[in-house]
Each structure stands twice: as structure tokens, then as C-alpha cells.
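Structure data (PDB, C-alpha atoms, pLDDT in the B column) from work32.pdb:
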```pdb
ATOM      1  CA  MET A  82      19.543  15.979   6.262  1.00 85.00           C
ATOM      2  CA  SER A  83      17.068  15.359   9.049  1.00 93.00           C
ATOM      3  CA  ALA A  84      17.997  13.621  12.280  1.00 96.00           C
ATOM      4  CA  ASP A  85      15.800  10.660  11.351  1.00 95.00           C
ATOM      5  CA  LEU A  86      17.413  10.195   7.950  1.00 96.00           C
ATOM      6  CA  ALA A  87      20.848  10.396   9.577  1.00 96.00           C
ATOM      7  CA  LYS A  88      19.709   7.802  12.136  1.00 96.00           C
ATOM      8  CA  LEU A  89      18.470   5.482   9.388  1.00 97.00           C
ATOM      9  CA  LEU A  90      21.767   5.767   7.498  1.00 96.00           C
ATOM     10  CA  GLY A  91      23.630   5.150  10.737  1.00 95.00           C
ATOM     11  CA  ALA A  92      21.804   1.830  11.173  1.00 93.00           C
ATOM     12  CA  ALA A  93      22.297   0.779   7.534  1.00 96.00           C
ATOM     13  CA  SER A  94      24.962  -1.231   5.730  1.00 94.00           C
ATOM     14  CA  ARG A  95      27.906   0.211   3.854  1.00 92.00           C
ATOM     15  CA  ASP A  96      27.386   1.617   0.331  1.00 93.00           C
ATOM     16  CA  LEU A  97      26.242  -0.965  -2.214  1.00 93.00           C
ATOM     17  CA  ALA A  98      28.034   0.776  -5.108  1.00 91.00           C
ATOM     18  CA  ASP A  99      31.287   2.669  -5.475  1.00 86.00           C
ATOM     19  CA  ASP A 100      30.228   4.930  -8.335  1.00 80.00           C
ATOM     20  CA  SER A 101      29.727   8.643  -7.793  1.00 84.00           C
ATOM     21  CA  VAL A 102      26.080   9.640  -8.061  1.00 88.00           C
ATOM     22  CA  ASP A 103      25.072  11.151 -11.403  1.00 88.00           C
ATOM     23  CA  ARG A 104      22.269  13.629 -10.654  1.00 88.00           C
ATOM     24  CA  ALA A 105      21.171  13.572 -14.296  1.00 88.00           C
ATOM     25  CA  ALA A 106      20.240   9.900 -13.952  1.00 89.00           C
ATOM     26  CA  LEU A 107      17.612  10.686 -11.324  1.00 93.00           C
ATOM     27  CA  PRO A 108      14.178  12.328 -11.672  1.00 92.00           C
ATOM     28  CA  PRO A 109      14.059  16.130 -11.945  1.00 92.00           C
ATOM     29  CA  GLY A 110      12.655  18.297  -9.193  1.00 95.00           C
ATOM     30  CA  PRO A 111      13.040  18.645  -5.418  1.00 96.00           C
ATOM     31  CA  LEU A 112      12.404  14.976  -4.627  1.00 97.00           C
ATOM     32  CA  GLY A 113      15.017  13.909  -7.161  1.00 96.00           C
ATOM     33  CA  ASP A 114      17.432  16.371  -5.519  1.00 96.00           C
ATOM     34  CA  GLN A 115      16.694  14.842  -2.121  1.00 97.00           C
ATOM     35  CA  LEU A 116      17.265  11.317  -3.404  1.00 97.00           C
ATOM     36  CA  ALA A 117      20.534  12.398  -5.037  1.00 96.00           C
ATOM     37  CA  ARG A 118      21.766  13.867  -1.745  1.00 96.00           C
ATOM     38  CA  THR A 119      20.789  10.711   0.122  1.00 96.00           C
ATOM     39  CA  LEU A 120      22.596   8.509  -2.393  1.00 96.00           C
ATOM     40  CA  GLY A 121      25.583  10.824  -2.119  1.00 94.00           C
ATOM     41  CA  GLU A 122      25.707  10.010   1.585  1.00 95.00           C
ATOM     42  CA  ARG A 123      25.059   6.271   1.108  1.00 95.00           C
ATOM     43  CA  ASN A 124      24.897   4.865  -2.415  1.00 95.00           C
ATOM     44  CA  GLY A 125      22.389   2.139  -1.669  1.00 94.00           C
ATOM     45  CA  PHE A 126      22.057   0.145   1.534  1.00 95.00           C
ATOM     46  CA  PHE A 127      20.357  -2.670   3.394  1.00 96.00           C
ATOM     47  CA  ALA A 128      18.851  -2.084   6.841  1.00 97.00           C
ATOM     48  CA  PHE A 129      16.846  -4.007   9.438  1.00 97.00           C
ATOM     49  CA  GLU A 130      18.541  -7.321   8.604  1.00 96.00           C
ATOM     50  CA  SER A 131      18.001  -6.846   4.845  1.00 96.00           C
ATOM     51  CA  ALA A 132      14.279  -6.134   5.266  1.00 97.00           C
ATOM     52  CA  LEU A 133      14.744  -2.645   3.800  1.00 98.00           C
ATOM     53  CA  LEU A 134      16.686  -2.067   0.599  1.00 97.00           C
ATOM     54  CA  LEU A 135      17.522   1.337  -0.843  1.00 96.00           C
ATOM     55  CA  ARG A 136      18.840   0.728  -4.343  1.00 95.00           C
ATOM     56  CA  PRO A 137      22.178   2.189  -5.444  1.00 94.00           C
ATOM     57  CA  LEU A 138      22.861   4.267  -8.505  1.00 92.00           C
ATOM     58  CA  GLY A 139      25.781   2.938 -10.503  1.00 82.00           C
ATOM     59  CA  SER A 140      27.208  -0.261 -11.857  1.00 69.00           C
ATOM     60  CA  SER A 141      30.048  -1.219  -9.523  1.00 64.00           C
ATOM     61  CA  LEU A 142      27.761  -3.086  -7.170  1.00 73.00           C
ATOM     62  CA  ARG A 143      28.894  -5.073  -4.154  1.00 73.00           C
ATOM     63  CA  THR A 144      25.673  -7.036  -4.263  1.00 77.00           C
ATOM     64  CA  ALA A 145      23.450  -8.848  -6.731  1.00 79.00           C
ATOM     65  CA  ALA A 146      20.655  -6.337  -6.070  1.00 84.00           C
ATOM     66  CA  LEU A 147      19.982  -4.308  -9.216  1.00 92.00           C
ATOM     67  CA  GLY A 148      20.726  -0.612  -9.410  1.00 93.00           C
ATOM     68  CA  LEU A 149      18.098   2.091  -9.845  1.00 95.00           C
ATOM     69  CA  THR A 150      18.380   2.528 -13.599  1.00 93.00           C
ATOM     70  CA  THR A 151      18.003  -1.154 -14.453  1.00 93.00           C
ATOM     71  CA  TRP A 152      15.350  -1.674 -11.795  1.00 95.00           C
ATOM     72  CA  ASN A 153      13.166   1.061 -13.279  1.00 95.00           C
ATOM     73  CA  ALA A 154      13.563   0.033 -16.928  1.00 93.00           C
ATOM     74  CA  ALA A 155      10.117  -0.851 -18.271  1.00 92.00           C
ATOM     75  CA  ASP A 156      11.069  -4.342 -19.361  1.00 93.00           C
ATOM     76  CA  THR A 157      12.651  -5.351 -16.057  1.00 95.00           C
ATOM     77  CA  TRP A 158       9.244  -5.943 -14.433  1.00 95.00           C
ATOM     78  CA  LYS A 159       6.901  -2.961 -14.850  1.00 94.00           C
ATOM     79  CA  THR A 160       5.365  -4.225 -18.099  1.00 93.00           C
ATOM     80  CA  THR A 161       4.015  -7.319 -16.317  1.00 93.00           C
ATOM     81  CA  TYR A 162       1.420  -5.042 -14.699  1.00 93.00           C
ATOM     82  CA  HIS A 163      -0.836  -5.000 -17.754  1.00 87.00           C
ATOM     83  CA  GLY A 164      -3.095  -1.959 -17.861  1.00 75.00           C
ATOM     84  CA  ARG A 165      -1.040  -0.091 -15.265  1.00 82.00           C
ATOM     85  CA  SER A 166       1.644   2.443 -16.056  1.00 78.00           C
ATOM     86  CA  PHE A 167       4.493   3.145 -13.658  1.00 91.00           C
ATOM     87  CA  GLY A 168       6.544   5.070 -16.179  1.00 86.00           C
ATOM     88  CA  ASP A 169       6.317   8.258 -14.132  1.00 91.00           C
ATOM     89  CA  VAL A 170       7.473   6.573 -10.921  1.00 96.00           C
ATOM     90  CA  THR A 171      11.104   5.959  -9.967  1.00 97.00           C
ATOM     91  CA  PHE A 172      11.128   3.146  -7.435  1.00 97.00           C
ATOM     92  CA  PHE A 173      14.117   3.599  -5.146  1.00 97.00           C
ATOM     93  CA  ALA A 174      13.521   1.356  -2.120  1.00 98.00           C
ATOM     94  CA  GLU A 175      11.513  -1.670  -1.044  1.00 98.00           C
ATOM     95  CA  ASP A 176      10.477  -3.768   1.915  1.00 98.00           C
ATOM     96  CA  LEU A 177      11.169  -7.452   2.597  1.00 97.00           C
ATOM     97  CA  PHE A 178       8.340  -8.621   0.349  1.00 97.00           C
ATOM     98  CA  GLY A 179       9.057  -6.374  -2.643  1.00 97.00           C
ATOM     99  CA  GLY A 180       6.635  -3.617  -1.638  1.00 97.00           C
ATOM    100  CA  GLN A 181       8.042  -0.579  -3.417  1.00 98.00           C
ATOM    101  CA  PHE A 182       8.683   3.023  -2.430  1.00 98.00           C
ATOM    102  CA  GLY A 183       8.877   5.410  -5.365  1.00 98.00           C
ATOM    103  CA  ILE A 184       9.215   9.058  -6.348  1.00 97.00           C
ATOM    104  CA  THR A 185       6.679  10.846  -8.530  1.00 95.00           C
ATOM    105  CA  SER A 186       6.736  14.500  -9.516  1.00 90.00           C
ATOM    106  CA  ASP A 187       5.306  15.626  -6.181  1.00 93.00           C
ATOM    107  CA  ALA A 188       5.292  12.785  -3.664  1.00 96.00           C
ATOM    108  CA  ILE A 189       6.801   9.572  -2.396  1.00 98.00           C
ATOM    109  CA  VAL A 190       4.400   6.717  -2.978  1.00 97.00           C
ATOM    110  CA  SER A 191       4.190   3.093  -1.924  1.00 98.00           C
ATOM    111  CA  LEU A 192       3.248   0.222  -4.227  1.00 97.00           C
ATOM    112  CA  ASN A 193       1.414  -2.856  -3.005  1.00 96.00           C
ATOM    113  CA  PRO A 194       2.868  -5.294  -5.552  1.00 96.00           C
ATOM    114  CA  GLU A 195       0.115  -7.898  -5.179  1.00 94.00           C
ATOM    115  CA  VAL A 196      -2.569  -5.520  -6.427  1.00 92.00           C
ATOM    116  CA  GLY A 197      -0.509  -2.919  -8.300  1.00 93.00           C
ATOM    117  CA  GLU A 198      -1.938   0.053  -6.408  1.00 93.00           C
ATOM    118  CA  LEU A 199      -0.022   3.221  -5.531  1.00 95.00           C
ATOM    119  CA  GLU A 200      -0.680   5.198  -2.352  1.00 96.00           C
ATOM    120  CA  HIS A 201       0.738   8.466  -1.071  1.00 98.00           C
ATOM    121  CA  PHE A 202       3.388   7.722   1.546  1.00 98.00           C
ATOM    122  CA  ALA A 203       5.401  10.884   2.241  1.00 98.00           C
ATOM    123  CA  GLY A 204       6.149  14.359   0.975  1.00 97.00           C
ATOM    124  CA  SER A 205       9.939  14.156   1.253  1.00 97.00           C
ATOM    125  CA  ILE A 206      12.814  11.735   1.779  1.00 97.00           C
ATOM    126  CA  ASP A 207      13.125  13.017   5.350  1.00 97.00           C
ATOM    127  CA  GLU A 208       9.457  12.228   6.022  1.00 98.00           C
ATOM    128  CA  TRP A 209       9.917   8.816   4.391  1.00 98.00           C
ATOM    129  CA  ALA A 210      12.784   8.072   6.791  1.00 98.00           C
ATOM    130  CA  THR A 211      10.734   9.251   9.778  1.00 98.00           C
ATOM    131  CA  ARG A 212       7.816   7.017   8.875  1.00 98.00           C
ATOM    132  CA  ILE A 213      10.122   4.033   8.349  1.00 98.00           C
ATOM    133  CA  LEU A 214      11.779   4.512  11.738  1.00 97.00           C
ATOM    134  CA  ASP A 215       8.465   5.063  13.505  1.00 97.00           C
ATOM    135  CA  ASP A 216       6.977   1.765  12.284  1.00 97.00           C
ATOM    136  CA  TYR A 217       9.778  -0.317  10.805  1.00 97.00           C
ATOM    137  CA  ASP A 218       8.353  -3.629  12.019  1.00 97.00           C
ATOM    138  CA  VAL A 219       5.321  -3.154   9.762  1.00 97.00           C
ATOM    139  CA  LEU A 220       6.781  -1.024   6.975  1.00 97.00           C
ATOM    140  CA  THR A 221       9.886  -3.152   6.316  1.00 98.00           C
ATOM    141  CA  GLY A 222       8.863  -6.635   7.480  1.00 97.00           C
ATOM    142  CA  TYR A 223      11.806  -6.739   9.908  1.00 97.00           C
ATOM    143  CA  PRO A 224      10.410  -9.324  12.397  1.00 97.00           C
ATOM    144  CA  LEU A 225       9.838 -11.859   9.622  1.00 97.00           C
ATOM    145  CA  ALA A 226      13.244 -11.086   8.096  1.00 97.00           C
ATOM    146  CA  HIS A 227      14.855 -11.829  11.452  1.00 98.00           C
ATOM    147  CA  GLU A 228      12.923 -15.042  12.041  1.00 97.00           C
ATOM    148  CA  TRP A 229      13.306 -16.373   8.489  1.00 97.00           C
ATOM    149  CA  GLN A 230      17.072 -15.812   8.542  1.00 97.00           C
ATOM    150  CA  ARG A 231      17.380 -17.372  11.990  1.00 96.00           C
ATOM    151  CA  LEU A 232      15.931 -20.552  10.495  1.00 96.00           C
ATOM    152  CA  HIS A 233      17.349 -20.470   6.961  1.00 96.00           C
ATOM    153  CA  GLY A 234      20.482 -18.351   7.076  1.00 96.00           C
ATOM    154  CA  PRO A 235      21.208 -14.955   5.517  1.00 95.00           C
ATOM    155  CA  LEU A 236      18.888 -13.762   2.772  1.00 94.00           C
ATOM    156  CA  ALA A 237      20.917 -13.653  -0.423  1.00 91.00           C
ATOM    157  CA  PRO A 238      21.307 -10.193  -1.983  1.00 87.00           C
ATOM    158  CA  GLY A 239      19.060  -9.892  -5.005  1.00 92.00           C
ATOM    159  CA  THR A 240      16.242 -11.874  -3.416  1.00 95.00           C
ATOM    160  CA  ARG A 241      13.073 -10.982  -1.534  1.00 96.00           C
ATOM    161  CA  LEU A 242      10.729 -13.103   0.577  1.00 97.00           C
ATOM    162  CA  VAL A 243       7.476 -13.742  -1.260  1.00 96.00           C
ATOM    163  CA  PRO A 244       4.358 -15.279   0.323  1.00 95.00           C
ATOM    164  CA  ARG A 245       3.499 -18.737  -1.028  1.00 93.00           C
ATOM    165  CA  GLN A 246      -0.151 -17.787  -0.575  1.00 90.00           C
ATOM    166  CA  PRO A 247      -0.369 -14.042  -1.297  1.00 91.00           C
ATOM    167  CA  PHE A 248      -1.383 -11.845   1.611  1.00 91.00           C
ATOM    168  CA  THR A 249      -4.140 -10.295  -0.487  1.00 87.00           C
ATOM    169  CA  VAL A 250      -6.017 -13.585  -0.717  1.00 85.00           C
ATOM    170  CA  GLY A 251      -5.565 -14.731   2.860  1.00 86.00           C
ATOM    171  CA  GLY A 252      -1.911 -15.717   3.104  1.00 90.00           C
ATOM    172  CA  GLU A 253      -0.517 -15.509   6.631  1.00 93.00           C
ATOM    173  CA  PHE A 254       2.270 -13.173   7.735  1.00 94.00           C
ATOM    174  CA  GLU A 255       4.411 -16.032   9.021  1.00 95.00           C
ATOM    175  CA  VAL A 256       7.719 -17.643   8.090  1.00 96.00           C
ATOM    176  CA  ALA A 257       6.088 -20.871   6.887  1.00 95.00           C
ATOM    177  CA  ASN A 258       4.302 -18.859   4.182  1.00 96.00           C
ATOM    178  CA  LEU A 259       7.487 -17.250   2.829  1.00 96.00           C
ATOM    179  CA  VAL A 260       9.911 -18.349   0.119  1.00 96.00           C
ATOM    180  CA  ALA A 261      13.036 -16.595  -1.168  1.00 96.00           C
ATOM    181  CA  VAL A 262      12.652 -15.546  -4.816  1.00 96.00           C
ATOM    182  CA  ALA A 263      14.977 -13.564  -7.094  1.00 96.00           C
ATOM    183  CA  GLU A 264      13.871  -9.921  -6.982  1.00 95.00           C
ATOM    184  CA  VAL A 265      12.937  -9.482 -10.660  1.00 96.00           C
ATOM    185  CA  LYS A 266      11.143 -12.822 -10.760  1.00 96.00           C
ATOM    186  CA  ALA A 267       9.257 -11.844  -7.606  1.00 96.00           C
ATOM    187  CA  MET A 268       7.970  -8.622  -9.159  1.00 96.00           C
ATOM    188  CA  ARG A 269       6.988 -10.403 -12.367  1.00 95.00           C
ATOM    189  CA  ILE A 270       5.039 -12.941 -10.324  1.00 94.00           C
ATOM    190  CA  TYR A 271       3.327 -10.095  -8.476  1.00 94.00           C
ATOM    191  CA  GLY A 272       2.534  -8.419 -11.789  1.00 93.00           C
ATOM    192  CA  GLY A 273       0.773 -11.561 -12.946  1.00 90.00           C
ATOM    193  CA  ILE A 274      -1.166 -11.766  -9.694  1.00 90.00           C
ATOM    194  CA  ALA A 275      -2.243  -8.120  -9.898  1.00 90.00           C
ATOM    195  CA  THR A 276      -3.333  -8.548 -13.515  1.00 88.00           C
ATOM    196  CA  THR A 277      -5.332 -11.665 -12.644  1.00 85.00           C
ATOM    197  CA  LEU A 278      -7.014  -9.990  -9.679  1.00 80.00           C
ATOM    198  CA  ALA A 279      -7.931  -6.971 -11.809  1.00 78.00           C
ATOM    199  CA  GLY A 280      -9.842  -9.271 -14.157  1.00 65.00           C
ATOM    200  CA  VAL A 281     -11.761 -11.191 -11.483  1.00 65.00           C
ATOM    201  CA  PRO A 282     -15.173  -9.801 -10.425  1.00 59.00           C
ATOM    202  CA  ASP A 283     -15.714  -8.782  -6.803  1.00 60.00           C
ATOM    203  CA  GLY A 284     -16.839 -11.697  -4.685  1.00 56.00           C
ATOM    204  CA  SER A 285     -14.918 -14.267  -6.697  1.00 59.00           C
ATOM    205  CA  GLU A 286     -12.730 -16.885  -5.079  1.00 61.00           C
ATOM    206  CA  VAL A 287      -9.076 -16.679  -6.042  1.00 59.00           C
ATOM    207  CA  THR A 288      -6.282 -19.071  -5.095  1.00 58.00           C
ATOM    208  CA  PHE A 289      -2.581 -18.622  -5.810  1.00 58.00           C
ATOM    209  CA  ARG A 290       0.426 -20.677  -4.844  1.00 57.00           C
ATOM    210  CA  ILE A 291       3.963 -19.340  -5.207  1.00 60.00           C
ATOM    211  CA  GLU A 292       7.087 -21.484  -5.158  1.00 58.00           C
ATOM    212  CA  ASN A 293      10.679 -20.878  -6.228  1.00 57.00           C
ATOM    213  CA  SER A 294       9.724 -22.082  -9.705  1.00 47.00           C
ATOM    214  CA  GLY A 295       6.941 -19.537 -10.127  1.00 48.00           C
ATOM    215  CA  ALA A 296       3.273 -19.073  -9.360  1.00 46.00           C
ATOM    216  CA  GLY A 297       0.105 -20.882 -10.171  1.00 46.00           C
ATOM    217  CA  SER A 298      -3.379 -19.505  -9.879  1.00 42.00           C
ATOM    218  CA  ASP A 299      -6.951 -20.649  -9.838  1.00 38.00           C
ATOM    219  CA  ALA A 300      -9.611 -17.986 -10.137  1.00 34.00           C
ATOM    220  CA  HIS A 301     -13.333 -18.624 -10.339  1.00 31.00           C
ATOM    221  CA  ARG A 302     -16.509 -16.776  -9.516  1.00 26.00           C
ATOM    222  CA  GLY A 303     -17.931 -17.271  -6.050  1.00 31.00           C
ATOM    223  CA  GLU A 304     -21.016 -16.017  -4.296  1.00 27.00           C
ATOM    224  CA  GLY A 305     -21.503 -12.573  -2.848  1.00 26.00           C
TER
END
```
Is it possible to express this structure as C-alpha cells?
Amino acid sequence: MSADLAKLLGAASRDLADDSVDRAALPPGPLGDQLARTLGERNGFFAFESALLLRPLGSSLRTAALGLTTWNAADTWKTTYHGRSFGDVTFFAEDLFGGQFGITSDAIVSLNPEVGELEHFAGSIDEWATRILDDYDVLTGYPLAHEWQRLHGPLAPGTRLVPRQPFTVGGEFEVANLVAVAEVKAMRIYGGIATTLAGVPDGSEVTFRIENSGAGSDAHRGEG
């Protein structure tokens, strides 16, 4: 374990599940081995005032946050991203807004949930931890987590903060634009947004509004 990964675990919450980690339940290969070792040290955790969540493996959860197996089941939320396949990605962690970090066969990737796009993020769990520590304000959403909870109280486990007006279409990174939404519902809302955006020609005007009850959208062609 690298010094940075040890530092991240040292700043994190206690384990979120009591179960021993079953290596067979995780992806094959070196990255799966690294994730298994990390979960063996800390079977899921919150960090940076709940802005960062690393999901546990197992069922005896101390929190309403879903475990890795259920979270990555196709019908939990992945199928809402019509035309996109995340079947080869095991999402293991996420930021305050539901932005995902996942393992593929050869890399750790990040998912922008509003547009459904994957990007290379790191080559190992150790590098992932280093990048998180180096820029946790941006990569986890920590400042907004702190400010939102100062005003509204602790963020309930199993929820994420979702922008009322999505960031992709001009929503501001500010507390007034954030609402707490159950984690699965949040990802399903994002899946609908990403699907809508994929079907709108470049230059079109798109408006979304997200509340606790769901999301509405208005998309029409603009100029340019």
C-alpha cells in the first residue's frame, strides 16, 4: 500500500460493512487484486465529510449506501444510459454528485454522469488515491459538502447532492443549486439526462430542472 492510500484510509470513516472480502466477487486482474486489498483494509468508507464514498463489498452494511455488487447490477441504474454499455466497468467509488470511479480491465476511469462519458483517471488504486489527495476539493466536491451540511445538517447515507440545474447545461457549483437525492434515483435521473443530451443536435438549447421528486427537461433546437 502506498503512503497516499494509507493517508486516505487514515482520514476516512470506519468500515461500512463487517463481511470479509470475497475476492471472487471482484473483477479479475491486477486492478481487481488492488481493490480487494484496499477493501480488506477498509471495507467501504466515507471521507471528506461524505463527499467521497468507496463502496463496501458485503451485505452487513452500517449505512444505507449500496454495496458494490448491487450497485453494479445492470438494472440498478446502468440500463438508464440507453446506447451506452458499462457492463465491463466495476464502479467502486464516487464523488459528492455521483460522479463515478470505476475499474476496467486495464485502468481506473471516471464517469461524468450527466453525459455518460468515461475518461481515463489512473493506472492503479495507489495512483487514484494520490490524485484524490492532490485535488480533493475538485475531485470529491468537499467544499460544497461542507457548506451544504453546515446549512442543512448531515448528508444521509445513501444520498448524493444533485444539481437542480445540471452543471453540463450551465448549473452553478453552489449550495443553492444542490438537492439531496437517493443515490440510485440520482443515477437514473442522470441517465435520462445523458440520453436526452445524446439525442439533441449540437447548438440546441436544453433546460433541465431536478427536484427531490425527479427531473424535468425541455430540449429544443437553437441557433449555432
Among the residues A:Ala106, A:Val196, A:Ala188, A:Ile213, the one that comes closest to Ala128 of chain A [using all atoms listed in the file]: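 So, comparing all the options, the nearest one is A:Ile213.
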Which residues would end up in the selection if the PyMOL selection byres ((chain A and resi 176-178) around 7) were applied here, given that I need the answer as a list in words?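 Those residues are Ala132, Leu133, Leu134, Glu175, Gly179, Gly180, Gln181, Leu220, Thr221, Gly222, Ala226, Arg241, Leu242 and Val243 of chain A.
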Using the chain letters and numbers from the file, give me the residues hit by the PyMOL selection byres ((chain A and resi 110-120) around 10), as an MDAnalysis selection string. chainID A and resid 82 86:87 90 96 98 101:109 121:126 135:138 171 173 184:189 204:207
For C-alpha atoms, I'd like the residues from the last selection saved as a PDB file, in the frame of the given file.
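Wrote it out as part14.pdb, contents follow:
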```pdb
ATOM      1  CA  MET A  82      19.543  15.979   6.262  1.00 85.00           C
ATOM      2  CA  LEU A  86      17.413  10.195   7.950  1.00 96.00           C
ATOM      3  CA  ALA A  87      20.848  10.396   9.577  1.00 96.00           C
ATOM      4  CA  LEU A  90      21.767   5.767   7.498  1.00 96.00           C
ATOM      5  CA  ASP A  96      27.386   1.617   0.331  1.00 93.00           C
ATOM      6  CA  ALA A  98      28.034   0.776  -5.108  1.00 91.00           C
ATOM      7  CA  SER A 101      29.727   8.643  -7.793  1.00 84.00           C
ATOM      8  CA  VAL A 102      26.080   9.640  -8.061  1.00 88.00           C
ATOM      9  CA  ASP A 103      25.072  11.151 -11.403  1.00 88.00           C
ATOM     10  CA  ARG A 104      22.269  13.629 -10.654  1.00 88.00           C
ATOM     11  CA  ALA A 105      21.171  13.572 -14.296  1.00 88.00           C
ATOM     12  CA  ALA A 106      20.240   9.900 -13.952  1.00 89.00           C
ATOM     13  CA  LEU A 107      17.612  10.686 -11.324  1.00 93.00           C
ATOM     14  CA  PRO A 108      14.178  12.328 -11.672  1.00 92.00           C
ATOM     15  CA  PRO A 109      14.059  16.130 -11.945  1.00 92.00           C
ATOM     16  CA  GLY A 121      25.583  10.824  -2.119  1.00 94.00           C
ATOM     17  CA  GLU A 122      25.707  10.010   1.585  1.00 95.00           C
ATOM     18  CA  ARG A 123      25.059   6.271   1.108  1.00 95.00           C
ATOM     19  CA  ASN A 124      24.897   4.865  -2.415  1.00 95.00           C
ATOM     20  CA  GLY A 125      22.389   2.139  -1.669  1.00 94.00           C
ATOM     21  CA  PHE A 126      22.057   0.145   1.534  1.00 95.00           C
ATOM     22  CA  LEU A 135      17.522   1.337  -0.843  1.00 96.00           C
ATOM     23  CA  ARG A 136      18.840   0.728  -4.343  1.00 95.00           C
ATOM     24  CA  PRO A 137      22.178   2.189  -5.444  1.00 94.00           C
ATOM     25  CA  LEU A 138      22.861   4.267  -8.505  1.00 92.00           C
ATOM     26  CA  THR A 171      11.104   5.959  -9.967  1.00 97.00           C
ATOM     27  CA  PHE A 173      14.117   3.599  -5.146  1.00 97.00           C
ATOM     28  CA  ILE A 184       9.215   9.058  -6.348  1.00 97.00           C
ATOM     29  CA  THR A 185       6.679  10.846  -8.530  1.00 95.00           C
ATOM     30  CA  SER A 186       6.736  14.500  -9.516  1.00 90.00           C
ATOM     31  CA  ASP A 187       5.306  15.626  -6.181  1.00 93.00           C
ATOM     32  CA  ALA A 188       5.292  12.785  -3.664  1.00 96.00           C
ATOM     33  CA  ILE A 189       6.801   9.572  -2.396  1.00 98.00           C
ATOM     34  CA  GLY A 204       6.149  14.359   0.975  1.00 97.00           C
ATOM     35  CA  SER A 205       9.939  14.156   1.253  1.00 97.00           C
ATOM     36  CA  ILE A 206      12.814  11.735   1.779  1.00 97.00           C
ATOM     37  CA  ASP A 207      13.125  13.017   5.350  1.00 97.00           C
TER      38      ASP A 207
END
```
Any idea what the distance is between atom CA of Arg245 of chain A and atom CA of Ala145 of chain A?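 The value is 23.0 Å.
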Gap from atom CA of Arg165 of chain A to atom CA of Val260 of chain A - Å, one decimal: 26.3 Å
Atom-to-atom span, atom CA of Ala267 of chain A and atom CA of Ala237 of chain A, Å: 13.8 Å
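Compared by their closest atoms to Gln230 of chain A, and using all atoms listed in the file, the residues A:Ala261, A:Ala203, A:Ala275, A:Val250 rank with A:Ala261 nearest.
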Could you name the residues that touch His227 of chain A at 10 Å or less, counting only C-alpha atoms, but leaving out those on the same chain fewer than 4 positions away, as a PyMOL selection string? chain A and resi 129-132+222-223+231-232+234-236+256
With distances taken over only C-alpha atoms, which residue among A:Leu142, A:Tyr271, A:Ser83, A:Leu149 lies nearest Arg95 of chain A?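 The closest residue to Arg95 of chain A is A:Leu142.
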Which residues match the PyMOL selection byres ((chain A and resi 197) around 8) in the file above, as a compact mmCIF listing (two decimals) with C-alpha atoms, in the coordinates of the input?
```txt
# COMPACT_ATOMS: atom_id res chain seq x y z
CA TYR A 162 1.42 -5.04 -14.70
CA ARG A 165 -1.04 -0.09 -15.26
CA LEU A 192 3.25 0.22 -4.23
CA ASN A 193 1.41 -2.86 -3.00
CA PRO A 194 2.87 -5.29 -5.55
CA GLU A 195 0.12 -7.90 -5.18
CA VAL A 196 -2.57 -5.52 -6.43
CA GLU A 198 -1.94 0.05 -6.41
CA LEU A 199 -0.02 3.22 -5.53
CA GLY A 272 2.53 -8.42 -11.79
CA ALA A 275 -2.24 -8.12 -9.90
```
Have a look at A:Trp209, A:Phe127, A:Ser191, A:Phe167 and name the one nearest to Pro238 of chain A; count only C-alpha atoms.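 Nearest to Pro238 of chain A: A:Phe127.
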